[in-house]
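To keep things clear, I will list the structure first and then write my remarks on it.
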Amino acid sequence: MSFIIMLIVGGLIGWVAGMIMGKDLPGGIIGNIIAGLIGSAIGSRIFGMWGPVWGGVPIFPALLGAIILIFIVSLILRVIRK
């Protein structure tokens with residue numbers, strides 16, 4: 001059950017990070033889940049494990065990590081499109 005909660009929290013984090021950045025990730029819901037989970041890994045490595053934790057995901061570091069991930073992915077996609 002915790003895996004499902006972790007996927008839901010990852011999806012929400014990816015969605016919120018996409019809204020903050022004003023960019024959509026390719027893949028819709030799956031892209032949001034992936035961005036949230038990878039962002040959680042990036043954020044917890046860079047910023048540590050602080051703030052509230054839902055489903056094993058630290059919310060603030062995961063959100064910051066997802067924002068960083070979306071920024072990097074959008075830069076890569078922009079370069080590929082040109």
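Quick note on naming: the chains in the structure tokens go A, B, ... in the order shown, residues restart at 1 in each chain, and ligands are numbered from 1 in order of appearance.
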So which residues of chain A fall under alpha helix (DSSP H) by DSSP, listed as a ChimeraX atom specification? /A:2-21,29-47,59-81
Can you pull out the residues contacting range 71-79 of chain A? Cut-off 8 Å, using only C-alpha atoms, and skip same-chain residues under 3 positions away; I want them as a short mmCIF file (atom, residue, chain, number, x, y, z; two decimals) with all heavy atoms, in the first residue's frame.
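Produced file part-v1.cif, reproduced below:
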data_model
loop_
_atom_site.label_atom_id
_atom_site.label_comp_id
_atom_site.auth_asym_id
_atom_site.auth_seq_id
_atom_site.Cartn_x
_atom_site.Cartn_y
_atom_site.Cartn_z
N MET A 21 6.53 25.70 -12.70
CA MET A 21 7.42 26.02 -13.81
C MET A 21 6.66 26.51 -15.04
O MET A 21 7.25 27.10 -15.93
CB MET A 21 8.25 24.80 -14.21
CG MET A 21 9.28 24.39 -13.19
SD MET A 21 10.56 25.61 -12.98
CE MET A 21 11.34 25.56 -14.56
N LYS A 23 5.31 24.56 -17.26
CA LYS A 23 5.66 23.66 -18.35
C LYS A 23 4.98 22.32 -18.14
O LYS A 23 4.78 21.88 -17.02
CB LYS A 23 7.17 23.45 -18.42
CG LYS A 23 7.95 24.73 -18.51
CD LYS A 23 9.27 24.50 -19.13
CE LYS A 23 10.14 25.71 -19.18
NZ LYS A 23 9.66 26.82 -19.89
N ILE A 67 11.35 20.46 -9.61
CA ILE A 67 11.48 21.72 -10.34
C ILE A 67 12.81 21.76 -11.10
O ILE A 67 12.87 22.15 -12.27
CB ILE A 67 11.33 22.92 -9.39
CG1 ILE A 67 9.88 23.02 -8.92
CG2 ILE A 67 11.79 24.22 -10.05
CD1 ILE A 67 9.65 24.03 -7.82
N ILE A 68 13.88 21.33 -10.44
CA ILE A 68 15.18 21.26 -11.10
C ILE A 68 15.13 20.31 -12.28
O ILE A 68 15.62 20.62 -13.38
CB ILE A 68 16.28 20.85 -10.09
CG1 ILE A 68 16.50 21.95 -9.07
CG2 ILE A 68 17.58 20.50 -10.80
CD1 ILE A 68 17.35 21.53 -7.89
N LYS A 82 15.43 22.56 -31.77
CA LYS A 82 16.06 23.54 -32.66
C LYS A 82 16.96 22.92 -33.65
O LYS A 82 17.39 22.02 -33.93
CB LYS A 82 16.84 24.57 -31.84
CG LYS A 82 15.95 25.52 -31.16
CD LYS A 82 16.75 26.61 -30.49
CE LYS A 82 15.82 27.58 -29.81
NZ LYS A 82 16.51 28.69 -29.25
#
Contacts of Ser40 in chain A at 12 Å or less, counting only C-alpha atoms, minus same-chain residues fewer than 5 places along, as a compact mmCIF listing (two decimals) with all heavy atoms, in the first residue's frame?
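Here's the written file selection.txt:
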# COMPACT_ATOMS: atom_id res chain seq x y z
N MET A 6 3.17 6.29 -2.45
CA MET A 6 4.37 6.94 -2.96
C MET A 6 4.16 7.37 -4.41
O MET A 6 4.57 8.47 -4.80
CB MET A 6 5.57 6.00 -2.86
CG MET A 6 6.88 6.64 -3.26
SD MET A 6 8.32 5.60 -3.01
CE MET A 6 7.99 4.27 -4.12
N LEU A 7 3.49 6.55 -5.22
CA LEU A 7 3.22 6.92 -6.61
C LEU A 7 2.26 8.12 -6.68
O LEU A 7 2.45 9.03 -7.50
CB LEU A 7 2.63 5.74 -7.37
CG LEU A 7 3.56 4.59 -7.67
CD1 LEU A 7 2.80 3.47 -8.37
CD2 LEU A 7 4.74 5.03 -8.50
N VAL A 9 1.80 10.46 -4.35
CA VAL A 9 2.53 11.64 -3.88
C VAL A 9 3.52 12.11 -4.95
O VAL A 9 3.64 13.31 -5.22
CB VAL A 9 3.24 11.36 -2.54
CG1 VAL A 9 4.17 12.50 -2.15
CG2 VAL A 9 2.22 11.12 -1.45
N GLY A 10 4.20 11.17 -5.60
CA GLY A 10 5.12 11.53 -6.69
C GLY A 10 4.40 12.21 -7.83
O GLY A 10 4.89 13.18 -8.40
N GLY A 11 3.22 11.71 -8.18
CA GLY A 11 2.43 12.34 -9.23
C GLY A 11 1.99 13.74 -8.86
O GLY A 11 2.03 14.66 -9.69
N LEU A 12 1.57 13.92 -7.62
CA LEU A 12 1.16 15.26 -7.16
C LEU A 12 2.33 16.23 -7.15
O LEU A 12 2.20 17.39 -7.54
CB LEU A 12 0.52 15.17 -5.78
CG LEU A 12 -0.85 14.51 -5.72
CD1 LEU A 12 -1.29 14.33 -4.28
CD2 LEU A 12 -1.86 15.31 -6.51
N ILE A 13 3.49 15.76 -6.70
CA ILE A 13 4.67 16.61 -6.68
C ILE A 13 5.08 17.00 -8.10
O ILE A 13 5.39 18.16 -8.37
CB ILE A 13 5.83 15.92 -5.93
CG1 ILE A 13 5.52 15.89 -4.45
CG2 ILE A 13 7.16 16.61 -6.20
CD1 ILE A 13 6.46 15.08 -3.63
N GLY A 14 5.06 16.05 -9.03
CA GLY A 14 5.38 16.35 -10.42
C GLY A 14 4.39 17.33 -11.03
O GLY A 14 4.76 18.23 -11.78
N ALA A 17 5.04 20.81 -9.47
CA ALA A 17 6.28 21.37 -10.02
C ALA A 17 6.06 21.84 -11.45
O ALA A 17 6.57 22.90 -11.84
CB ALA A 17 7.39 20.32 -9.96
N ASN A 32 4.39 12.96 -14.81
CA ASN A 32 4.36 13.63 -13.51
C ASN A 32 4.86 12.71 -12.41
O ASN A 32 5.59 13.14 -11.51
CB ASN A 32 2.94 14.10 -13.18
CG ASN A 32 2.54 15.31 -13.98
OD1 ASN A 32 3.37 16.04 -14.46
ND2 ASN A 32 1.25 15.50 -14.12
N ILE A 33 4.44 11.44 -12.44
CA ILE A 33 4.89 10.48 -11.43
C ILE A 33 6.41 10.30 -11.51
O ILE A 33 7.10 10.34 -10.49
CB ILE A 33 4.17 9.14 -11.59
CG1 ILE A 33 2.68 9.30 -11.24
CG2 ILE A 33 4.81 8.06 -10.72
CD1 ILE A 33 1.84 8.08 -11.55
N ILE A 34 6.91 10.15 -12.72
CA ILE A 34 8.36 9.97 -12.90
C ILE A 34 9.11 11.21 -12.43
O ILE A 34 10.12 11.11 -11.72
CB ILE A 34 8.69 9.62 -14.36
CG1 ILE A 34 8.15 8.23 -14.68
CG2 ILE A 34 10.18 9.70 -14.62
CD1 ILE A 34 8.20 7.86 -16.14
N ALA A 35 8.61 12.39 -12.81
CA ALA A 35 9.27 13.64 -12.38
C ALA A 35 9.24 13.77 -10.86
O ALA A 35 10.22 14.20 -10.25
CB ALA A 35 8.60 14.85 -13.02
N ARG A 45 18.92 14.14 -2.14
CA ARG A 45 20.38 14.09 -2.18
C ARG A 45 20.99 15.49 -2.06
O ARG A 45 22.01 15.68 -1.42
CB ARG A 45 20.87 13.44 -3.46
CG ARG A 45 20.57 11.96 -3.53
CD ARG A 45 21.55 11.24 -4.39
NE ARG A 45 21.23 9.91 -4.84
CZ ARG A 45 20.75 8.90 -4.17
NH1 ARG A 45 20.41 9.07 -2.93
NH2 ARG A 45 20.56 7.72 -4.68
N ILE A 46 20.35 16.47 -2.69
CA ILE A 46 20.89 17.83 -2.67
C ILE A 46 20.52 18.55 -1.37
O ILE A 46 21.37 19.18 -0.73
CB ILE A 46 20.37 18.64 -3.87
CG1 ILE A 46 20.92 18.07 -5.17
CG2 ILE A 46 20.77 20.11 -3.75
CD1 ILE A 46 20.35 18.71 -6.42
N PHE A 47 19.25 18.47 -0.97
CA PHE A 47 18.74 19.28 0.13
C PHE A 47 18.53 18.51 1.43
O PHE A 47 18.21 19.11 2.45
CB PHE A 47 17.41 19.94 -0.28
CG PHE A 47 17.52 20.78 -1.50
CD1 PHE A 47 16.91 20.40 -2.68
CD2 PHE A 47 18.25 21.96 -1.49
CE1 PHE A 47 17.01 21.17 -3.81
CE2 PHE A 47 18.36 22.74 -2.62
CZ PHE A 47 17.73 22.34 -3.79
N GLY A 48 18.67 17.20 1.42
CA GLY A 48 18.47 16.41 2.63
C GLY A 48 17.02 16.01 2.83
O GLY A 48 16.18 16.22 1.96
N MET A 49 16.73 15.45 3.99
CA MET A 49 15.39 14.94 4.29
C MET A 49 14.75 15.83 5.35
O MET A 49 14.69 15.47 6.51
CB MET A 49 15.48 13.50 4.79
CG MET A 49 16.10 12.52 3.84
SD MET A 49 14.97 11.98 2.58
CE MET A 49 13.89 10.95 3.54
N TRP A 50 14.24 16.99 4.97
CA TRP A 50 13.62 17.87 5.94
C TRP A 50 12.18 18.13 5.51
O TRP A 50 11.80 17.89 4.38
CB TRP A 50 14.39 19.18 6.06
CG TRP A 50 14.63 19.88 4.76
CD1 TRP A 50 15.67 19.66 3.91
CD2 TRP A 50 13.83 20.89 4.16
NE1 TRP A 50 15.56 20.46 2.81
CE2 TRP A 50 14.43 21.23 2.93
CE3 TRP A 50 12.66 21.53 4.52
CZ2 TRP A 50 13.91 22.18 2.08
CZ3 TRP A 50 12.14 22.49 3.67
CH2 TRP A 50 12.76 22.81 2.47
N VAL A 53 6.93 14.39 5.54
CA VAL A 53 7.14 13.22 4.69
C VAL A 53 5.80 12.53 4.50
O VAL A 53 5.13 12.18 5.47
CB VAL A 53 8.16 12.25 5.33
CG1 VAL A 53 8.31 11.00 4.50
CG2 VAL A 53 9.50 12.93 5.52
N TRP A 54 5.40 12.35 3.24
CA TRP A 54 4.17 11.62 2.92
C TRP A 54 4.52 10.45 2.04
O TRP A 54 5.16 10.60 1.01
CB TRP A 54 3.18 12.50 2.16
CG TRP A 54 2.55 13.59 2.97
CD1 TRP A 54 2.49 13.68 4.32
CD2 TRP A 54 1.92 14.75 2.47
NE1 TRP A 54 1.86 14.83 4.68
CE2 TRP A 54 1.48 15.51 3.57
CE3 TRP A 54 1.67 15.24 1.20
CZ2 TRP A 54 0.82 16.71 3.43
CZ3 TRP A 54 1.01 16.43 1.07
CH2 TRP A 54 0.58 17.15 2.17
N GLY A 55 4.12 9.27 2.45
CA GLY A 55 4.38 8.08 1.66
C GLY A 55 5.85 7.81 1.44
O GLY A 55 6.24 7.27 0.41
N GLY A 56 6.69 8.21 2.37
CA GLY A 56 8.12 8.00 2.23
C GLY A 56 8.82 9.04 1.38
O GLY A 56 9.99 8.89 1.06
N VAL A 57 8.09 10.09 0.97
CA VAL A 57 8.65 11.13 0.10
C VAL A 57 8.71 12.45 0.88
O VAL A 57 7.67 12.95 1.30
CB VAL A 57 7.78 11.30 -1.17
CG1 VAL A 57 8.34 12.41 -2.04
CG2 VAL A 57 7.68 10.00 -1.94
N PRO A 58 9.90 13.00 1.09
CA PRO A 58 9.98 14.31 1.74
C PRO A 58 9.47 15.39 0.78
O PRO A 58 10.00 15.57 -0.31
CB PRO A 58 11.47 14.48 2.03
CG PRO A 58 12.15 13.61 1.05
CD PRO A 58 11.21 12.48 0.75
N ILE A 59 8.44 16.10 1.17
CA ILE A 59 7.69 16.96 0.26
C ILE A 59 8.52 18.12 -0.29
O ILE A 59 8.61 18.30 -1.51
CB ILE A 59 6.41 17.49 0.96
CG1 ILE A 59 5.55 16.32 1.41
CG2 ILE A 59 5.64 18.43 0.04
CD1 ILE A 59 5.10 15.40 0.31
N PHE A 60 9.12 18.94 0.55
CA PHE A 60 9.82 20.13 0.07
C PHE A 60 11.06 19.80 -0.76
O PHE A 60 11.24 20.37 -1.84
CB PHE A 60 10.16 21.07 1.22
CG PHE A 60 8.94 21.62 1.90
CD1 PHE A 60 8.77 21.48 3.26
CD2 PHE A 60 7.94 22.25 1.18
CE1 PHE A 60 7.64 21.97 3.90
CE2 PHE A 60 6.80 22.75 1.80
CZ PHE A 60 6.66 22.60 3.16
N PRO A 61 11.95 18.91 -0.30
CA PRO A 61 13.09 18.56 -1.16
C PRO A 61 12.65 17.91 -2.47
O PRO A 61 13.24 18.15 -3.52
CB PRO A 61 13.90 17.58 -0.31
CG PRO A 61 13.52 17.86 1.08
CD PRO A 61 12.10 18.30 1.03
N ALA A 62 11.58 17.10 -2.42
CA ALA A 62 11.09 16.46 -3.64
C ALA A 62 10.55 17.49 -4.61
O ALA A 62 10.77 17.40 -5.83
CB ALA A 62 10.02 15.44 -3.30
N LEU A 63 9.85 18.49 -4.11
CA LEU A 63 9.32 19.54 -4.97
C LEU A 63 10.45 20.35 -5.60
O LEU A 63 10.43 20.64 -6.81
CB LEU A 63 8.38 20.45 -4.18
CG LEU A 63 7.66 21.53 -4.96
CD1 LEU A 63 6.77 20.91 -6.03
CD2 LEU A 63 6.82 22.37 -4.02
N LEU A 64 11.45 20.70 -4.82
CA LEU A 64 12.60 21.43 -5.36
C LEU A 64 13.36 20.59 -6.39
O LEU A 64 13.77 21.09 -7.44
CB LEU A 64 13.53 21.86 -4.23
CG LEU A 64 12.97 22.92 -3.28
CD1 LEU A 64 13.93 23.13 -2.11
CD2 LEU A 64 12.71 24.21 -4.00
N GLY A 65 13.53 19.31 -6.10
CA GLY A 65 14.20 18.41 -7.04
C GLY A 65 13.41 18.24 -8.32
O GLY A 65 13.98 18.20 -9.42
N ALA A 66 12.07 18.16 -8.23
CA ALA A 66 11.24 18.04 -9.42
C ALA A 66 11.29 19.31 -10.26
O ALA A 66 11.29 19.25 -11.49
CB ALA A 66 9.80 17.71 -9.03
N ILE A 67 11.35 20.46 -9.61
CA ILE A 67 11.48 21.72 -10.34
C ILE A 67 12.81 21.76 -11.10
O ILE A 67 12.87 22.15 -12.27
CB ILE A 67 11.33 22.92 -9.39
CG1 ILE A 67 9.88 23.02 -8.92
CG2 ILE A 67 11.79 24.22 -10.05
CD1 ILE A 67 9.65 24.03 -7.82
N ILE A 68 13.88 21.33 -10.44
CA ILE A 68 15.18 21.26 -11.10
C ILE A 68 15.13 20.31 -12.28
O ILE A 68 15.62 20.62 -13.38
CB ILE A 68 16.28 20.85 -10.09
CG1 ILE A 68 16.50 21.95 -9.07
CG2 ILE A 68 17.58 20.50 -10.80
CD1 ILE A 68 17.35 21.53 -7.89
N LEU A 69 14.51 19.15 -12.09
CA LEU A 69 14.41 18.15 -13.15
C LEU A 69 13.60 18.69 -14.33
O LEU A 69 14.02 18.54 -15.49
CB LEU A 69 13.77 16.87 -12.63
CG LEU A 69 13.56 15.76 -13.65
CD1 LEU A 69 14.91 15.21 -14.09
CD2 LEU A 69 12.68 14.68 -13.09
Expected answer as number ranges by chain: strand (DSSP E or B) residues in chain A: A: 53-54, 57-58
